[in-house]
Each structure stands twice: as C-alpha cells, then as structure tokens.
Amino acid sequence: MAAKLKLSEVRGDVPVGSATGSNGTVHAIKGVDEKGRNVAYCPTRMKTPIRRWGVAMEQNPNLELCAGCSKVVPTGPVEVTSTDVEIPGLGRTVTAKVITPVDADTTTEKTEKDTMAAKTTMDKAAQDKAAEEIRADIERLPSLIAEGKDDSAKELTEAINKAIPTITGTGAAAIKAKLRAEATKAEKDAKKAKADKEKADKPASKAAKPASKEVAVSKETTLEATLKDTKIQDLVRKGQDQVKALAVSKFKGGHQIAEIILDIRTQIQNKDGHPDLNADTDAAKKNTTKVFDGLLEGLPEEGEDEAADAIRAEVDSIKKSYRNAIKDVRVNYLRSLDNSPEEAKKYAYALEAHPDKKPSEAVAEFHGYELRTRAEIAKADREKKALERKKVEEAVKAGDLSEEEAAATLSGGDDADKTPKELRAAFVKRMTNSFKKQVKEIKAIENAEEQEEALDELTALLSALRKELKA
C-alpha cells in the first residue's frame, strides 16, 4: 500500500476535507468543478461531494491523507502573515490571514525530476545522514561570516538551500522546514554578532558629551490639549459619523436580508398548508441556511480573493444582524396585511378563526405572534417601570411604605411572577443587606462588653442556621 502523508506533512495552504456527512477518509482539494463542487487531487470518484474543512495547517496534524492524494499533493513549509482587507460596501476593514509557500517545492504534476525523486525515496537512516551533512555546513557558515568571507558564505548558503530539497520520504517536509529555520537563524545570528563587534571596535569620533543636568520634560500630548484642538475634535466627530453610518448600514442590511428570508418563508407551506413564517419545515430551514452557506460554497478558495475572505470573516456577524431583525420584519409584514387584501388571502384560515379582528391581529392571534417591534416592547417596559417607580415614591412620601419596602418592591416586583430561583436570590439579597447593617451598628457600639455580646448573638444565630441546613 502506498504511504499516506499526515496533514502535518502537507503544505499548510492546501485545503482538505472529507465526503459530506462523513468524517472518514481525508482528501486534499485542488479546486472546484463547473458546478462549484470541490475536486480532490486523487482520481477517486465519490458518491457525495467533498466538504471543505479548511487549510491543512489548521487541522489535526496527525490525521492521514488518502493514499491517492498523498502521491501528488504539494508539500513544504509556508509563511503566514496578516493583511488588512476592505469590505466592499461597508467602508471598514478586517484582518485576513495570508498563507504563502516558502519555496517552489510545490508542483502537482509529475515531471521527470518528480519521478526520479519518487524512485529514490529516502528511509529514515538516509534522511538522518543527509540532515547531518547539511547541519555540518550550517555550523561552518557563522565562521565564514565572522571572518568577512562574504563570497564563500554566499556560496555555502546556496549549497545548503540546494541540498535541503533533496531530502525525500515520510516526514521529509518537517525535516526540511527545520533545517531551513536552522540555516536562517545561524546566518542571522552570525551577521548580528559581526555587526555588534564592528560597532564595539569602532573608535568614538567625538568626545562624549557630559550628562545634561536639565530635568527631562515630557513631550506627551495631554488630554486637555486634544480637547481644545479643533482639528483633532473634527476628526473625532468625523469618526463618530462613520461609526454611526456603519451601524445604520449594518442595521438596514440585517433587515433587508430578513425581509428576503421572510419572503421565502411566505411562499413555503407547512404541514397544515399555511405559510411557514416560523421556518418549521425542512424546506424553509434549508433555504434559509442556503442564503448564507450557499454563498460560502461558491466563493474562491481562502487566500485567493480578498473580498471573498472578508465575506467569510463577516458572515457570522451578518447572520446575527439578520436574527435580530427577523422578528421586527415579521411584525411589519403582519401590519402590512391590513392594507394588502391579496396578500391577506394567504391567511384565510386565521381570518375565519377571528372574523372580528384586522388581518394583522387575526394572524398574530392565531399563531401567538407579538405585534410589536423590539423597540416598542422596550419602550413600553421603560414606561411601565417609570410609572411603578413614581407610585412607590408617592407611597413612601405618604408614609404607606418604608424605604426598605420601597427598595424591595422596585427590585423584586410581584413575587407571584417570580421563579423559585429568583425568590431565593431576592431573599439572600435582603438577608445580606440586613446582616451588613447589623454588623455596622454593632461595630459602632462604644462599650466593649456590649459590642462583644452583640457579636456573640450574631455568631450563635449563624451556628443555629448551619444546624438547620444540615438537619
């Protein structure tokens, strides 16, 4: 059986995945076909499409690639950097990862050189011997640099770089990457050491100036100065305008997507033959998901297109905006039924069940939908709490409630509406506040004996409570 590569030996930027609905055989993905389906490096024909997991370097390094893909997949180290990418239409940037192969040892076609390399695949002993010889050259490099033999050092470096790719066999990619790192470090350290020595040996051109006796003055710009600087404050306001515009754009975008998805649902019927506004059917759920995931499947491979990478980075945030908006969009849709007789006909079953109500109210009543937007609900809650607070304050002024009772009323509300957990939390809070008040009053007692007696009473109370809890 042909040797299988582990994902740690596959070039880091190569996409990998398995057949949809399976976590079995892992394949390397070389591109997509005309239908947008992922295509493996190997010629294996699969019944289900390959689901793309991501690039090899981000997966479990111990997973094995299929034998067919292992023969032709690119290997070698990669360099990972970051870049800022502007998102079209949103006026903002996100950080995108850029993965670049370190050398050209990446071809996927079988040239004569590849064929020869395959025939002379090294075993571990041969790999160790080749690596030992290359390390011997790496150890010679610093002395050549230190002696100023730049031409010789350059020739040796080139020889090292040519020798490293000749290592083949299982695990060769990791060995080559380590040797390259060792060679780079040796050259860098040697050049730095040489520069430091030359700097230390160089005679001072001028006599050292005596240390200044002046006190250093900070040149840092103060907050007060920036608040008075009209140019800086204009920039701050301009930034605020951009944040506001972006927030509004994102809010509107979420609503627009929610309107499209709700439109899809109104055209799909549930098991009762009613418009599937809740997305209870498989058809409604899958088509909603397709709006987002279908877009991702059609994008170019990661790292090939900046706009595509930006979409991948933002899609979760966009989903959240849509989920926040869908309830408000449904409320607006239901209200529109009052002025759209043709659309209201879709809900004849609800109109028949509630003939005395408007279409919007009939559909909301039938399905148990809220007919207020989130903003309207929040406003009503604020007004209700403000009214309750006013009544409590008036009761305190009239002497009908104490300050403590007023605080408990405002913080607790109606006990009948609370869960047992909420009731316990309110009780613990009252007891804690009361206990702290008692401790404060006891510590204010000037007579030491009285203070000690009061503390003993509290301690005895705690002991009694512990016994009750353990009983």
# chains A, B, ... in the order shown; residues from 1 in each chain; ligands from 1
$ residues_around --residues "range 454-467 of chain A" --least-positions-apart "2" --cutoff "12 Å" --atoms "only C-alpha atoms" --output "VMD selection string"
chain A and resid 434 to 436 438 to 452 469 to 471
$ residues_around --residues "range 246-262 of chain A" --least-positions-apart "5" --cutoff "7 Å" --atoms "only C-alpha atoms" --output "list in words"
Leu90, Leu277, Thr288, Ile318, Ser321, Tyr322, Ala325, Ile326 and Val329 of chain A
$ closest_residue --among "A:Thr157, A:Ser336, A:Ser317, A:Gln240" --to "Glu361 in chain A" --atoms "only C-alpha atoms"
A:Ser336
$ residues_around --residues "Ala56 in chain A" --least-positions-apart "2" --cutoff "9 Å" --atoms "only C-alpha atoms" --output "MDAnalysis selection string"
chainID A and resid 7:16 28 53:54 58:61
$ write_last_selection --atoms "N, CA and C atoms" --output "CSV table (one decimal), in the first residue's frame"
chain,number,residue,atom,x,y,z
A,7,LEU,N,-1.4,15.2,7.8
A,7,LEU,CA,-1.7,16.6,7.5
A,7,LEU,C,-0.5,17.5,7.8
A,8,SER,N,0.3,17.1,8.8
A,8,SER,CA,1.5,18.0,9.2
A,8,SER,C,2.5,18.0,8.1
A,9,GLU,N,2.5,17.0,7.2
A,9,GLU,CA,3.4,16.9,6.1
A,9,GLU,C,2.9,17.6,4.8
A,10,VAL,N,1.6,17.9,4.8
A,10,VAL,CA,1.0,18.6,3.6
A,10,VAL,C,1.3,20.0,3.7
A,11,ARG,N,1.5,20.7,2.5
A,11,ARG,CA,1.8,22.1,2.6
A,11,ARG,C,0.6,22.9,3.2
A,12,GLY,N,0.9,23.8,4.1
A,12,GLY,CA,-0.1,24.3,5.0
A,12,GLY,C,-1.3,25.0,4.4
A,13,ASP,N,-1.1,25.6,3.1
A,13,ASP,CA,-2.2,26.3,2.5
A,13,ASP,C,-3.1,25.4,1.7
A,14,VAL,N,-2.9,24.1,1.6
A,14,VAL,CA,-3.7,23.2,0.8
A,14,VAL,C,-5.0,22.9,1.5
A,15,PRO,N,-6.2,23.2,0.9
A,15,PRO,CA,-7.5,22.9,1.5
A,15,PRO,C,-7.7,21.3,1.6
A,16,VAL,N,-8.3,20.9,2.7
A,16,VAL,CA,-8.6,19.5,2.9
A,16,VAL,C,-10.0,19.3,3.4
A,28,ALA,N,-7.2,15.9,-0.2
A,28,ALA,CA,-6.7,17.2,-0.4
A,28,ALA,C,-7.5,17.8,-1.6
A,53,TRP,N,-13.0,21.4,4.9
A,53,TRP,CA,-12.8,21.7,6.3
A,53,TRP,C,-12.1,23.1,6.5
A,54,GLY,N,-11.1,23.3,5.7
A,54,GLY,CA,-10.2,24.5,5.8
A,54,GLY,C,-8.8,24.0,5.3
A,58,GLU,N,-4.4,24.1,9.7
A,58,GLU,CA,-5.4,24.4,10.8
A,58,GLU,C,-6.1,23.2,11.3
A,59,GLN,N,-5.8,22.0,10.7
A,59,GLN,CA,-6.4,20.8,11.1
A,59,GLN,C,-5.6,20.0,12.1
A,60,ASN,N,-6.1,18.8,12.5
A,60,ASN,CA,-5.4,17.9,13.4
A,60,ASN,C,-4.1,17.4,12.6
A,61,PRO,N,-2.9,17.7,13.0
A,61,PRO,CA,-1.7,17.3,12.2
A,61,PRO,C,-1.5,15.8,12.1
$ atom_distance --atom1 "CA of Arg265 in chain A" --atom2 "CA of Thr281 in chain A"
9.4 Å
$ select_by_dssp --residues "range 243-408 of chain A" --states "alpha helix (DSSP H)" --output "PyMOL selection string"
chain A and resi 243-266+282-297+306-336+341-344+348-353+359-367+374-398+403-408
$ atom_distance --atom1 "CA of Gly76 in chain A" --atom2 "CA of Ala177 in chain A"
7.1 Å
$ atom_distance --atom1 "CA of Lys71 in chain A" --atom2 "CA of Ile160 in chain A"
26.1 Å
$ residues_around --residues "Ala67 in chain A" --least-positions-apart "4" --cutoff "10 Å" --atoms "only C-alpha atoms" --output "list in words"
Met1, Ala2, Ala3, Lys4, Leu5, Thr25, Val26, His27, Cys42, Lys71 and Val72 of chain A
$ write_last_selection --atoms "all heavy atoms" --output "PDB file, in the first residue's frame"
ATOM      1  N   MET A   1       0.850  -1.196   0.000  1.00  0.00           N
ATOM      2  CA  MET A   1       0.000   0.000   0.000  1.00  0.00           C
ATOM      3  C   MET A   1       0.882   1.242   0.000  1.00  0.00           C
ATOM      4  O   MET A   1       1.908   1.287   0.682  1.00  0.00           O
ATOM      5  CB  MET A   1      -0.905   0.001   1.241  1.00  0.00           C
ATOM      6  CG  MET A   1      -1.840   1.204   1.318  1.00  0.00           C
ATOM      7  SD  MET A   1      -2.878   1.187   2.798  1.00  0.00           S
ATOM      8  CE  MET A   1      -3.958  -0.159   2.365  1.00  0.00           C
ATOM      9  N   ALA A   2       0.476   2.254  -0.769  1.00  0.00           N
ATOM     10  CA  ALA A   2       1.249   3.492  -0.852  1.00  0.00           C
ATOM     11  C   ALA A   2       1.233   4.207   0.494  1.00  0.00           C
ATOM     12  O   ALA A   2       0.255   4.165   1.227  1.00  0.00           O
ATOM     13  CB  ALA A   2       0.660   4.400  -1.934  1.00  0.00           C
ATOM     14  N   ALA A   3       2.349   4.875   0.812  1.00  0.00           N
ATOM     15  CA  ALA A   3       2.453   5.600   2.076  1.00  0.00           C
ATOM     16  C   ALA A   3       1.485   6.765   2.097  1.00  0.00           C
ATOM     17  O   ALA A   3       1.290   7.438   1.096  1.00  0.00           O
ATOM     18  CB  ALA A   3       3.886   6.098   2.265  1.00  0.00           C
ATOM     19  N   LYS A   4       0.875   6.969   3.256  1.00  0.00           N
ATOM     20  CA  LYS A   4      -0.041   8.097   3.420  1.00  0.00           C
ATOM     21  C   LYS A   4       0.659   9.223   4.171  1.00  0.00           C
ATOM     22  O   LYS A   4       1.365   8.976   5.152  1.00  0.00           O
ATOM     23  CB  LYS A   4      -1.287   7.659   4.194  1.00  0.00           C
ATOM     24  CG  LYS A   4      -2.152   6.642   3.479  1.00  0.00           C
ATOM     25  CD  LYS A   4      -3.384   6.335   4.312  1.00  0.00           C
ATOM     26  CE  LYS A   4      -4.289   5.314   3.622  1.00  0.00           C
ATOM     27  NZ  LYS A   4      -5.478   5.019   4.449  1.00  0.00           N
ATOM     28  N   LEU A   5       0.452  10.450   3.704  1.00  0.00           N
ATOM     29  CA  LEU A   5       1.014  11.608   4.390  1.00  0.00           C
ATOM     30  C   LEU A   5       0.102  12.023   5.529  1.00  0.00           C
ATOM     31  O   LEU A   5      -1.120  11.931   5.429  1.00  0.00           O
ATOM     32  CB  LEU A   5       1.167  12.788   3.429  1.00  0.00           C
ATOM     33  CG  LEU A   5       2.170  12.658   2.279  1.00  0.00           C
ATOM     34  CD1 LEU A   5       2.161  13.933   1.451  1.00  0.00           C
ATOM     35  CD2 LEU A   5       3.574  12.393   2.810  1.00  0.00           C
ATOM     36  N   THR A  25     -12.301   9.217   5.280  1.00  0.00           N
ATOM     37  CA  THR A  25     -11.106   9.491   4.500  1.00  0.00           C
ATOM     38  C   THR A  25     -10.936  10.988   4.220  1.00  0.00           C
ATOM     39  O   THR A  25     -11.866  11.651   3.793  1.00  0.00           O
ATOM     40  CB  THR A  25     -11.159   8.737   3.160  1.00  0.00           C
ATOM     41  OG1 THR A  25     -11.384   7.353   3.424  1.00  0.00           O
ATOM     42  CG2 THR A  25      -9.849   8.915   2.400  1.00  0.00           C
ATOM     43  N   VAL A  26      -9.722  11.477   4.471  1.00  0.00           N
ATOM     44  CA  VAL A  26      -9.429  12.897   4.246  1.00  0.00           C
ATOM     45  C   VAL A  26      -8.798  13.061   2.865  1.00  0.00           C
ATOM     46  O   VAL A  26      -7.881  12.319   2.502  1.00  0.00           O
ATOM     47  CB  VAL A  26      -8.465  13.429   5.321  1.00  0.00           C
ATOM     48  CG1 VAL A  26      -8.239  14.930   5.124  1.00  0.00           C
ATOM     49  CG2 VAL A  26      -9.020  13.150   6.704  1.00  0.00           C
ATOM     50  N   HIS A  27      -9.288  14.001   2.088  1.00  0.00           N
ATOM     51  CA  HIS A  27      -8.766  14.286   0.753  1.00  0.00           C
ATOM     52  C   HIS A  27      -8.215  15.706   0.689  1.00  0.00           C
ATOM     53  O   HIS A  27      -8.682  16.602   1.387  1.00  0.00           O
ATOM     54  CB  HIS A  27      -9.865  14.146  -0.310  1.00  0.00           C
ATOM     55  CG  HIS A  27     -10.423  12.758  -0.434  1.00  0.00           C
ATOM     56  ND1 HIS A  27      -9.838  11.784  -1.216  1.00  0.00           N
ATOM     57  CD2 HIS A  27     -11.513  12.185   0.137  1.00  0.00           C
ATOM     58  CE1 HIS A  27     -10.548  10.668  -1.127  1.00  0.00           C
ATOM     59  NE2 HIS A  27     -11.575  10.887  -0.307  1.00  0.00           N
ATOM     60  N   CYS A  42      -6.734  13.313  -5.841  1.00  0.00           N
ATOM     61  CA  CYS A  42      -6.750  11.940  -6.324  1.00  0.00           C
ATOM     62  C   CYS A  42      -7.919  11.740  -7.293  1.00  0.00           C
ATOM     63  O   CYS A  42      -8.868  12.512  -7.290  1.00  0.00           O
ATOM     64  CB  CYS A  42      -6.885  10.968  -5.149  1.00  0.00           C
ATOM     65  SG  CYS A  42      -8.494  11.075  -4.334  1.00  0.00           S
ATOM     66  N   LYS A  71       0.190  11.024  -3.068  1.00  0.00           N
ATOM     67  CA  LYS A  71       1.183  10.916  -4.130  1.00  0.00           C
ATOM     68  C   LYS A  71       1.453  12.253  -4.821  1.00  0.00           C
ATOM     69  O   LYS A  71       2.554  12.499  -5.307  1.00  0.00           O
ATOM     70  CB  LYS A  71       0.710   9.910  -5.186  1.00  0.00           C
ATOM     71  CG  LYS A  71       0.588   8.482  -4.698  1.00  0.00           C
ATOM     72  CD  LYS A  71       0.071   7.594  -5.824  1.00  0.00           C
ATOM     73  CE  LYS A  71      -0.114   6.149  -5.376  1.00  0.00           C
ATOM     74  NZ  LYS A  71      -0.656   5.311  -6.462  1.00  0.00           N
ATOM     75  N   VAL A  72       0.441  13.116  -4.889  1.00  0.00           N
ATOM     76  CA  VAL A  72       0.571  14.314  -5.726  1.00  0.00           C
ATOM     77  C   VAL A  72       0.354  15.628  -5.001  1.00  0.00           C
ATOM     78  O   VAL A  72       0.508  16.695  -5.591  1.00  0.00           O
ATOM     79  CB  VAL A  72      -0.440  14.231  -6.896  1.00  0.00           C
ATOM     80  CG1 VAL A  72      -0.077  13.113  -7.850  1.00  0.00           C
ATOM     81  CG2 VAL A  72      -1.861  14.030  -6.382  1.00  0.00           C
TER      82      VAL A  72
END
$ residues_around --residues "Gly273 in chain A" --least-positions-apart "4" --cutoff "12 Å" --atoms "only C-alpha atoms" --output "PyMOL selection string"
chain A and resi 266-269+277+281+346-349
$ closest_residue --among "A:Asp189, A:Asp338, A:Asp276, A:Glu302" --to "Lys358 in chain A" --atoms "only C-alpha atoms"
A:Asp338
$ decode --residues "range 267-289 of chain A" --atoms "N, CA and C atoms" --output "short mmCIF file (atom, residue, chain, number, x, y, z; two decimals), in the first residue's frame"
data_model
loop_
_atom_site.label_atom_id
_atom_site.label_comp_id
_atom_site.auth_asym_id
_atom_site.auth_seq_id
_atom_site.Cartn_x
_atom_site.Cartn_y
_atom_site.Cartn_z
N GLN A 267 -43.75 31.81 0.96
CA GLN A 267 -44.05 31.06 -0.25
C GLN A 267 -43.90 29.55 -0.05
N ILE A 268 -43.59 29.16 1.20
CA ILE A 268 -43.46 27.74 1.54
C ILE A 268 -44.56 27.40 2.53
N GLN A 269 -45.25 26.29 2.32
CA GLN A 269 -46.35 25.91 3.19
C GLN A 269 -45.92 24.85 4.20
N ASN A 270 -46.45 24.97 5.43
CA ASN A 270 -46.17 23.95 6.44
C ASN A 270 -47.15 22.78 6.30
N LYS A 271 -47.14 21.85 7.24
CA LYS A 271 -47.96 20.64 7.11
C LYS A 271 -49.45 20.93 7.10
N ASP A 272 -49.85 22.11 7.63
CA ASP A 272 -51.25 22.50 7.65
C ASP A 272 -51.66 23.30 6.42
N GLY A 273 -50.69 23.52 5.52
CA GLY A 273 -50.97 24.30 4.32
C GLY A 273 -50.92 25.80 4.56
N HIS A 274 -50.34 26.22 5.67
CA HIS A 274 -50.22 27.64 6.00
C HIS A 274 -48.82 28.14 5.63
N PRO A 275 -48.67 29.45 5.33
CA PRO A 275 -47.32 29.99 5.09
C PRO A 275 -46.41 29.71 6.28
N ASP A 276 -45.21 29.19 6.01
CA ASP A 276 -44.29 28.74 7.08
C ASP A 276 -43.48 29.91 7.62
N LEU A 277 -44.13 30.83 8.35
CA LEU A 277 -43.45 32.02 8.87
C LEU A 277 -42.41 31.67 9.92
N ASN A 278 -42.55 30.53 10.58
CA ASN A 278 -41.62 30.13 11.64
C ASN A 278 -40.47 29.27 11.14
N ALA A 279 -40.48 28.92 9.86
CA ALA A 279 -39.47 28.01 9.29
C ALA A 279 -39.48 26.67 10.03
N ASP A 280 -40.69 26.09 10.17
CA ASP A 280 -40.81 24.77 10.81
C ASP A 280 -40.48 23.64 9.84
N THR A 281 -40.66 23.87 8.55
CA THR A 281 -40.42 22.82 7.56
C THR A 281 -38.95 22.71 7.20
N ASP A 282 -38.57 21.55 6.71
CA ASP A 282 -37.20 21.33 6.27
C ASP A 282 -36.87 22.25 5.09
N ALA A 283 -37.85 22.47 4.23
CA ALA A 283 -37.64 23.32 3.05
C ALA A 283 -37.30 24.75 3.45
N ALA A 284 -38.04 25.29 4.42
CA ALA A 284 -37.79 26.66 4.86
C ALA A 284 -36.44 26.78 5.56
N LYS A 285 -36.11 25.78 6.41
CA LYS A 285 -34.84 25.81 7.14
C LYS A 285 -33.66 25.72 6.17
N LYS A 286 -33.73 24.78 5.22
CA LYS A 286 -32.61 24.57 4.31
C LYS A 286 -32.41 25.78 3.39
N ASN A 287 -33.50 26.39 2.93
CA ASN A 287 -33.35 27.55 2.06
C ASN A 287 -32.84 28.77 2.82
N THR A 288 -33.21 28.89 4.09
CA THR A 288 -32.65 29.97 4.93
C THR A 288 -31.15 29.78 5.10
N THR A 289 -30.76 28.55 5.41
CA THR A 289 -29.33 28.25 5.57
C THR A 289 -28.57 28.47 4.28
#
